[in-house]
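Okay, query_15.cif now, which holds mmCIF, C-alpha atoms and all ligand atoms:
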```
data_my_file
#
loop_
_atom_site.group_PDB
_atom_site.id
_atom_site.type_symbol
_atom_site.label_atom_id
_atom_site.label_comp_id
_atom_site.auth_asym_id
_atom_site.auth_seq_id
_atom_site.Cartn_x
_atom_site.Cartn_y
_atom_site.Cartn_z
ATOM 1 C CA MET W 1 -30.831 106.171 0.203
ATOM 2 C CA GLY W 2 -27.052 106.277 -0.089
ATOM 3 C CA LEU W 3 -25.135 104.852 -3.026
ATOM 4 C CA LYS W 4 -24.250 101.754 -0.994
ATOM 5 C CA THR W 5 -27.910 101.038 -0.317
ATOM 6 C CA VAL W 6 -28.795 101.502 -3.976
ATOM 7 C CA LEU W 7 -26.059 99.052 -4.944
ATOM 8 C CA ALA W 8 -27.135 96.591 -2.268
ATOM 9 C CA VAL W 9 -30.760 96.697 -3.397
ATOM 10 C CA GLY W 10 -29.604 96.274 -6.987
ATOM 11 C CA MET W 11 -27.578 93.230 -6.038
ATOM 12 C CA MET W 12 -30.531 91.768 -4.127
ATOM 13 C CA THR W 13 -32.691 92.115 -7.220
ATOM 14 C CA LEU W 14 -30.115 90.252 -9.268
ATOM 15 C CA ILE W 15 -30.050 87.436 -6.760
ATOM 16 C CA VAL W 16 -33.768 87.268 -6.002
ATOM 17 C CA ALA W 17 -35.016 87.461 -9.583
ATOM 18 C CA PRO W 18 -33.064 84.822 -11.479
ATOM 19 C CA GLY W 19 -33.816 84.522 -15.133
ATOM 20 C CA ILE W 20 -35.723 87.759 -15.381
ATOM 21 C CA ALA W 21 -33.894 89.529 -18.190
ATOM 22 C CA VAL W 22 -30.616 89.200 -16.333
ATOM 23 C CA ALA W 23 -27.925 87.201 -18.093
ATOM 24 C CA GLN W 24 -26.269 85.026 -15.485
ATOM 25 C CA GLN W 25 -22.943 83.600 -16.484
ATOM 26 C CA GLY W 26 -22.431 79.983 -15.559
ATOM 27 C CA ARG W 27 -25.897 79.422 -14.177
ATOM 28 C CA ILE W 28 -27.338 76.088 -15.323
ATOM 29 C CA SER W 29 -31.061 75.737 -15.924
ATOM 30 C CA ILE W 30 -33.194 72.673 -16.671
ATOM 31 C CA TRP W 31 -33.717 74.490 -20.008
ATOM 32 C CA ASP W 32 -30.065 74.087 -21.014
ATOM 33 C CA GLY W 33 -30.377 70.582 -22.484
ATOM 34 C CA VAL W 34 -29.371 68.653 -19.363
ATOM 35 C CA TYR W 35 -30.477 65.163 -20.515
ATOM 36 C CA THR W 36 -30.549 63.173 -23.763
ATOM 37 C CA ASP W 37 -33.477 61.756 -25.718
ATOM 38 C CA ALA W 38 -32.005 58.248 -25.369
ATOM 39 C CA GLN W 39 -31.918 58.688 -21.594
ATOM 40 C CA ALA W 40 -35.516 59.925 -21.482
ATOM 41 C CA GLU W 41 -36.526 56.871 -23.510
ATOM 42 C CA ARG W 42 -34.861 54.579 -20.938
ATOM 43 C CA GLY W 43 -36.640 56.602 -18.271
ATOM 44 C CA ARG W 44 -39.967 56.185 -20.046
ATOM 45 C CA VAL W 45 -39.642 52.381 -19.936
ATOM 46 C CA LEU W 46 -38.753 52.492 -16.222
ATOM 47 C CA TYR W 47 -41.557 54.939 -15.520
ATOM 48 C CA MET W 48 -44.097 52.669 -17.198
ATOM 49 C CA GLN W 49 -42.881 49.772 -15.035
ATOM 50 C CA SER W 50 -42.607 51.516 -11.665
ATOM 51 C CA CYS W 51 -44.596 54.740 -11.650
ATOM 52 C CA SER W 52 -47.405 54.795 -14.197
ATOM 53 C CA SER W 53 -49.738 52.583 -12.145
ATOM 54 C CA CYS W 54 -50.294 55.545 -9.836
ATOM 55 C CA HIS W 55 -49.146 58.653 -11.745
ATOM 56 C CA GLY W 56 -50.731 57.510 -15.015
ATOM 57 C CA ALA W 57 -49.234 56.624 -18.403
ATOM 58 C CA ASP W 58 -49.654 60.302 -19.370
ATOM 59 C CA LEU W 59 -48.288 61.533 -15.991
ATOM 60 C CA SER W 60 -51.582 63.256 -15.227
ATOM 61 C CA GLY W 61 -51.973 61.630 -11.802
ATOM 62 C CA SER W 62 -55.233 60.609 -10.212
ATOM 63 C CA PHE W 63 -57.433 61.681 -7.336
ATOM 64 C CA GLU W 64 -54.881 60.415 -4.765
ATOM 65 C CA THR W 65 -51.699 60.880 -6.775
ATOM 66 C CA PRO W 66 -50.239 64.218 -7.894
ATOM 67 C CA PRO W 67 -49.566 64.796 -11.606
ATOM 68 C CA LEU W 68 -45.968 64.965 -12.866
ATOM 69 C CA VAL W 69 -46.903 67.449 -15.591
ATOM 70 C CA GLY W 70 -48.851 70.717 -15.511
ATOM 71 C CA ARG W 71 -48.944 72.108 -11.984
ATOM 72 C CA PHE W 72 -45.897 69.945 -11.330
ATOM 73 C CA MET W 73 -43.745 72.681 -12.943
ATOM 74 C CA PRO W 74 -44.746 75.622 -10.712
ATOM 75 C CA TYR W 75 -44.668 73.261 -7.727
ATOM 76 C CA TRP W 76 -40.970 72.393 -8.167
ATOM 77 C CA SER W 77 -39.875 75.739 -9.574
ATOM 78 C CA GLY W 78 -37.294 77.607 -7.560
ATOM 79 C CA SER W 79 -35.688 74.374 -6.419
ATOM 80 C CA THR W 80 -32.703 72.669 -7.947
ATOM 81 C CA LEU W 81 -32.838 69.291 -9.643
ATOM 82 C CA ASP W 82 -31.307 67.449 -6.692
ATOM 83 C CA ALA W 83 -34.538 68.080 -4.751
ATOM 84 C CA LEU W 84 -36.627 66.199 -7.311
ATOM 85 C CA PHE W 85 -34.005 63.471 -7.696
ATOM 86 C CA ASP W 86 -33.720 63.019 -3.920
ATOM 87 C CA TYR W 87 -37.482 62.891 -3.541
ATOM 88 C CA VAL W 88 -37.870 60.286 -6.265
ATOM 89 C CA SER W 89 -34.896 58.307 -4.893
ATOM 90 C CA THR W 90 -36.051 58.236 -1.289
ATOM 91 C CA ALA W 91 -39.869 58.475 -1.367
ATOM 92 C CA MET W 92 -40.792 56.681 -4.611
ATOM 93 C CA PRO W 93 -42.080 54.262 -5.787
ATOM 94 C CA MET W 94 -44.639 54.805 -3.031
ATOM 95 C CA HIS W 95 -44.772 51.191 -1.819
ATOM 96 C CA SER W 96 -41.060 50.377 -2.214
ATOM 97 C CA PRO W 97 -39.182 53.654 -1.743
ATOM 98 C CA GLY W 98 -35.534 53.638 -2.766
ATOM 99 C CA ALA W 99 -35.983 50.477 -4.842
ATOM 100 C CA LEU W 100 -34.482 51.975 -8.002
ATOM 101 C CA SER W 101 -30.798 52.684 -8.687
ATOM 102 C CA ALA W 102 -29.406 56.201 -9.024
ATOM 103 C CA GLY W 103 -29.012 55.605 -12.758
ATOM 104 C CA ALA W 104 -32.620 54.522 -13.101
ATOM 105 C CA ASN W 105 -33.781 57.557 -11.147
ATOM 106 C CA THR W 106 -31.797 60.047 -13.270
ATOM 107 C CA ASP W 107 -33.299 58.362 -16.358
ATOM 108 C CA ILE W 108 -36.786 58.774 -14.895
ATOM 109 C CA VAL W 109 -36.116 62.428 -14.015
ATOM 110 C CA ALA W 110 -34.987 62.917 -17.648
ATOM 111 C CA PHE W 111 -38.264 61.391 -18.818
ATOM 112 C CA ILE W 112 -40.262 63.675 -16.505
ATOM 113 C CA LEU W 113 -38.392 66.732 -17.876
ATOM 114 C CA LYS W 114 -39.089 65.648 -21.441
ATOM 115 C CA SER W 115 -42.751 65.104 -20.616
ATOM 116 C CA ASN W 116 -42.881 68.732 -19.481
ATOM 117 C CA ASP W 117 -41.474 69.927 -22.834
ATOM 118 C CA ILE W 118 -38.051 70.752 -21.404
ATOM 119 C CA PRO W 119 -35.612 70.402 -24.341
ATOM 120 C CA SER W 120 -33.024 67.605 -24.441
ATOM 121 C CA GLY W 121 -29.307 68.033 -25.085
ATOM 122 C CA SER W 122 -26.236 65.994 -25.928
ATOM 123 C CA LYS W 123 -25.182 64.779 -22.489
ATOM 124 C CA ASP W 124 -26.945 62.400 -20.098
ATOM 125 C CA LEU W 125 -28.158 63.751 -16.793
ATOM 126 C CA GLY W 126 -25.872 62.416 -14.051
ATOM 127 C CA THR W 127 -25.901 62.647 -10.284
ATOM 128 C CA GLY W 128 -22.773 64.836 -10.128
ATOM 129 C CA ASN W 129 -24.162 68.359 -10.643
ATOM 130 C CA LEU W 130 -27.884 68.080 -9.887
ATOM 131 C CA LYS W 131 -27.629 70.753 -7.221
ATOM 132 C CA ALA W 132 -26.318 73.231 -9.797
ATOM 133 C CA ILE W 133 -29.260 72.774 -12.173
ATOM 134 C CA HIS W 134 -32.005 75.293 -11.452
ATOM 135 C CA PHE W 135 -35.623 74.294 -11.836
ATOM 136 C CA ASP W 136 -36.951 77.325 -13.716
ATOM 137 C CA PRO W 137 -40.675 77.147 -14.479
ATOM 138 C CA ALA W 138 -40.123 78.702 -17.895
ATOM 139 C CA LYS W 139 -37.174 79.261 -20.161
ATOM 140 C CA PRO W 140 -35.145 82.162 -18.706
ATOM 141 C CA VAL W 141 -35.612 85.360 -20.701
ATOM 142 C CA SER W 142 -31.897 85.911 -21.231
ATOM 143 C CA ARG W 143 -31.601 82.499 -22.909
ATOM 144 C CA ARG W 144 -34.721 83.004 -24.952
ATOM 145 C CA ALA W 145 -33.299 86.208 -26.347
ATOM 146 C CA ARG W 146 -29.995 84.569 -27.250
ATOM 147 C CA LYS W 147 -31.530 81.805 -29.328
HETATM 148 C C1 LIG W 201 -48.359 53.288 -5.352
HETATM 149 C C2 LIG W 201 -48.550 54.559 -6.030
HETATM 150 C C3 LIG W 201 -47.318 55.327 -6.495
HETATM 151 C C4 LIG W 201 -46.265 54.861 -7.256
HETATM 152 C C5 LIG W 201 -46.065 53.466 -7.816
HETATM 153 C C6 LIG W 201 -45.395 55.996 -7.456
HETATM 154 N N1 LIG W 201 -45.888 57.089 -6.847
HETATM 155 FE FE1 LIG W 201 -45.077 58.941 -6.853
HETATM 156 N N2 LIG W 201 -46.507 59.596 -5.586
HETATM 157 C C7 LIG W 201 -47.562 58.849 -5.127
HETATM 158 C C8 LIG W 201 -48.307 59.628 -4.168
HETATM 159 C C9 LIG W 201 -49.559 59.163 -3.407
HETATM 160 C C10 LIG W 201 -47.645 60.868 -4.045
HETATM 161 C C11 LIG W 201 -47.973 62.025 -3.107
HETATM 162 C C12 LIG W 201 -47.190 61.783 -1.840
HETATM 163 C C13 LIG W 201 -47.348 62.867 -0.844
HETATM 164 O O1 LIG W 201 -47.880 63.929 -1.168
HETATM 165 O O2 LIG W 201 -46.892 62.641 0.300
HETATM 166 C C14 LIG W 201 -46.531 60.824 -4.974
HETATM 167 C C15 LIG W 201 -45.661 61.876 -5.191
HETATM 168 C C16 LIG W 201 -44.680 61.879 -6.154
HETATM 169 C C17 LIG W 201 -43.913 63.032 -6.538
HETATM 170 C C18 LIG W 201 -44.075 64.431 -5.978
HETATM 171 C C19 LIG W 201 -45.042 65.124 -6.906
HETATM 172 C C20 LIG W 201 -45.411 66.504 -6.483
HETATM 173 O O3 LIG W 201 -45.289 67.401 -7.318
HETATM 174 O O4 LIG W 201 -45.831 66.678 -5.342
HETATM 175 C C21 LIG W 201 -43.044 62.637 -7.501
HETATM 176 C C22 LIG W 201 -42.021 63.498 -8.222
HETATM 177 C C23 LIG W 201 -43.271 61.244 -7.720
HETATM 178 N N3 LIG W 201 -44.276 60.817 -6.896
HETATM 179 C C24 LIG W 201 -42.577 60.483 -8.622
HETATM 180 C C25 LIG W 201 -42.743 59.111 -8.746
HETATM 181 C C26 LIG W 201 -41.890 58.288 -9.575
HETATM 182 C C27 LIG W 201 -40.761 58.796 -10.426
HETATM 183 C C28 LIG W 201 -42.328 57.006 -9.422
HETATM 184 C C29 LIG W 201 -41.718 55.751 -10.019
HETATM 185 C C30 LIG W 201 -40.326 55.511 -9.712
HETATM 186 C C31 LIG W 201 -43.469 57.028 -8.528
HETATM 187 N N4 LIG W 201 -43.686 58.330 -8.139
HETATM 188 C C32 LIG W 201 -44.204 55.933 -8.178
HETATM 189 C C33 LIG W 201 -47.888 57.575 -5.515
HETATM 190 C C34 LIG W 201 -47.064 56.739 -6.244
#
```
Give the structure from the file, written as structure tokens.
Amino acid sequence: MGLKTVLAVGMMTLIVAPGIAVAQQGRISIWDGVYTDAQAERGRVLYMQSCSSCHGADLSGSFETPPLVGRFMPYWSGSTLDALFDYVSTAMPMHSPGALSAGANTDIVAFILKSNDIPSGSKDLGTGNLKAIHFDPAKPVSRRARK
């Protein structure tokens, strides 16, 4: 293996294994405090009105309906937050998809994050940078070490 190949493989590892002991400047994670508690509380009220009848008040789902906690995390991991937002915006609530506003849907996504023990922060989740926010199943190691 020439030096170039070694470097290329090294680079691939950096790209393919995000969050594994590699500090990545500028990378945003759902673990970076991307929503506020007040927003999650608004989302909780909306969730209870529009989603809990199927997904359950505790988000645990039912026989027909997937849970929004637990295996929900590994299921969405590796995506970015726009994927979840787009899904909720276009496919949910099941019987009236797209019924809720973008603001309501970001509030509900904030509530779902909080329900999965993802920490809150000081700024509301907006629609502007959802694609930049990585859905990591667990807190990235580099961040864990820093705090
Ligand atoms: C009438 C029942 C019903 C309601 C109300 C409902 N959902 Fe769902 N939801 C479902 C079902 C059924 C699925 C699975 C759909 C599929 O697999 O095609 C689902 C799937 C989902 C998923 C994907 C879960 C996963 O990991 O696969 C999310 C996220 C979701 N719903 C969020 C919401 C939100 C947020 C609301 C309220 C705005 C809502 N749902 C309202 C029945 C419902």
For this session: Give me the result of the PyMOL selection byres (((chain W and resi 109) around 9) and not hetatm) on this file, residue by residue, as an NGL selection string.
Result: :W and (40 or 43 or 81 or 84-85 or 88 or 104-108 or 110-114 or 125)
Once 3 Å is added on each side, what centre and edge lengths in Å to one decimal does the axis-aligned box around all listed atoms of ligand LIG 201 (chain W) have, as JSON?
```
{"center_x": -44.9, "center_y": 60.3, "center_z": -5.1, "size_x": 15.2, "size_y": 20.1, "size_z": 16.7}
```
Problem set entry | ligand LIG 201 (chain W) neighbours within 8 Å using only C-alpha atoms and all ligand atoms, as a PyMOL selection string | chain W and resi 46-47+49-55+64-68+71-73+75-76+84+87-89+91-95+100+105+108-109+112
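We find atom CA of Arg44 of chain W and atom CA of Asn129 of chain W to be spaced 22.1 Å apart.
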Exercise. Near Gly78 of chain W, counting only C-alpha atoms, which residues have an atom at most 9 Å away, once you skip same-chain residues fewer than 4 positions from it, shown as a PyMOL selection string?
Worked result: chain W and resi 74+134-137
Exercise. So what do you get for atom CA of Thr127 of chain W versus atom CA of Gly103 of chain W, distance-wise?
Worked result: 8.1 Å
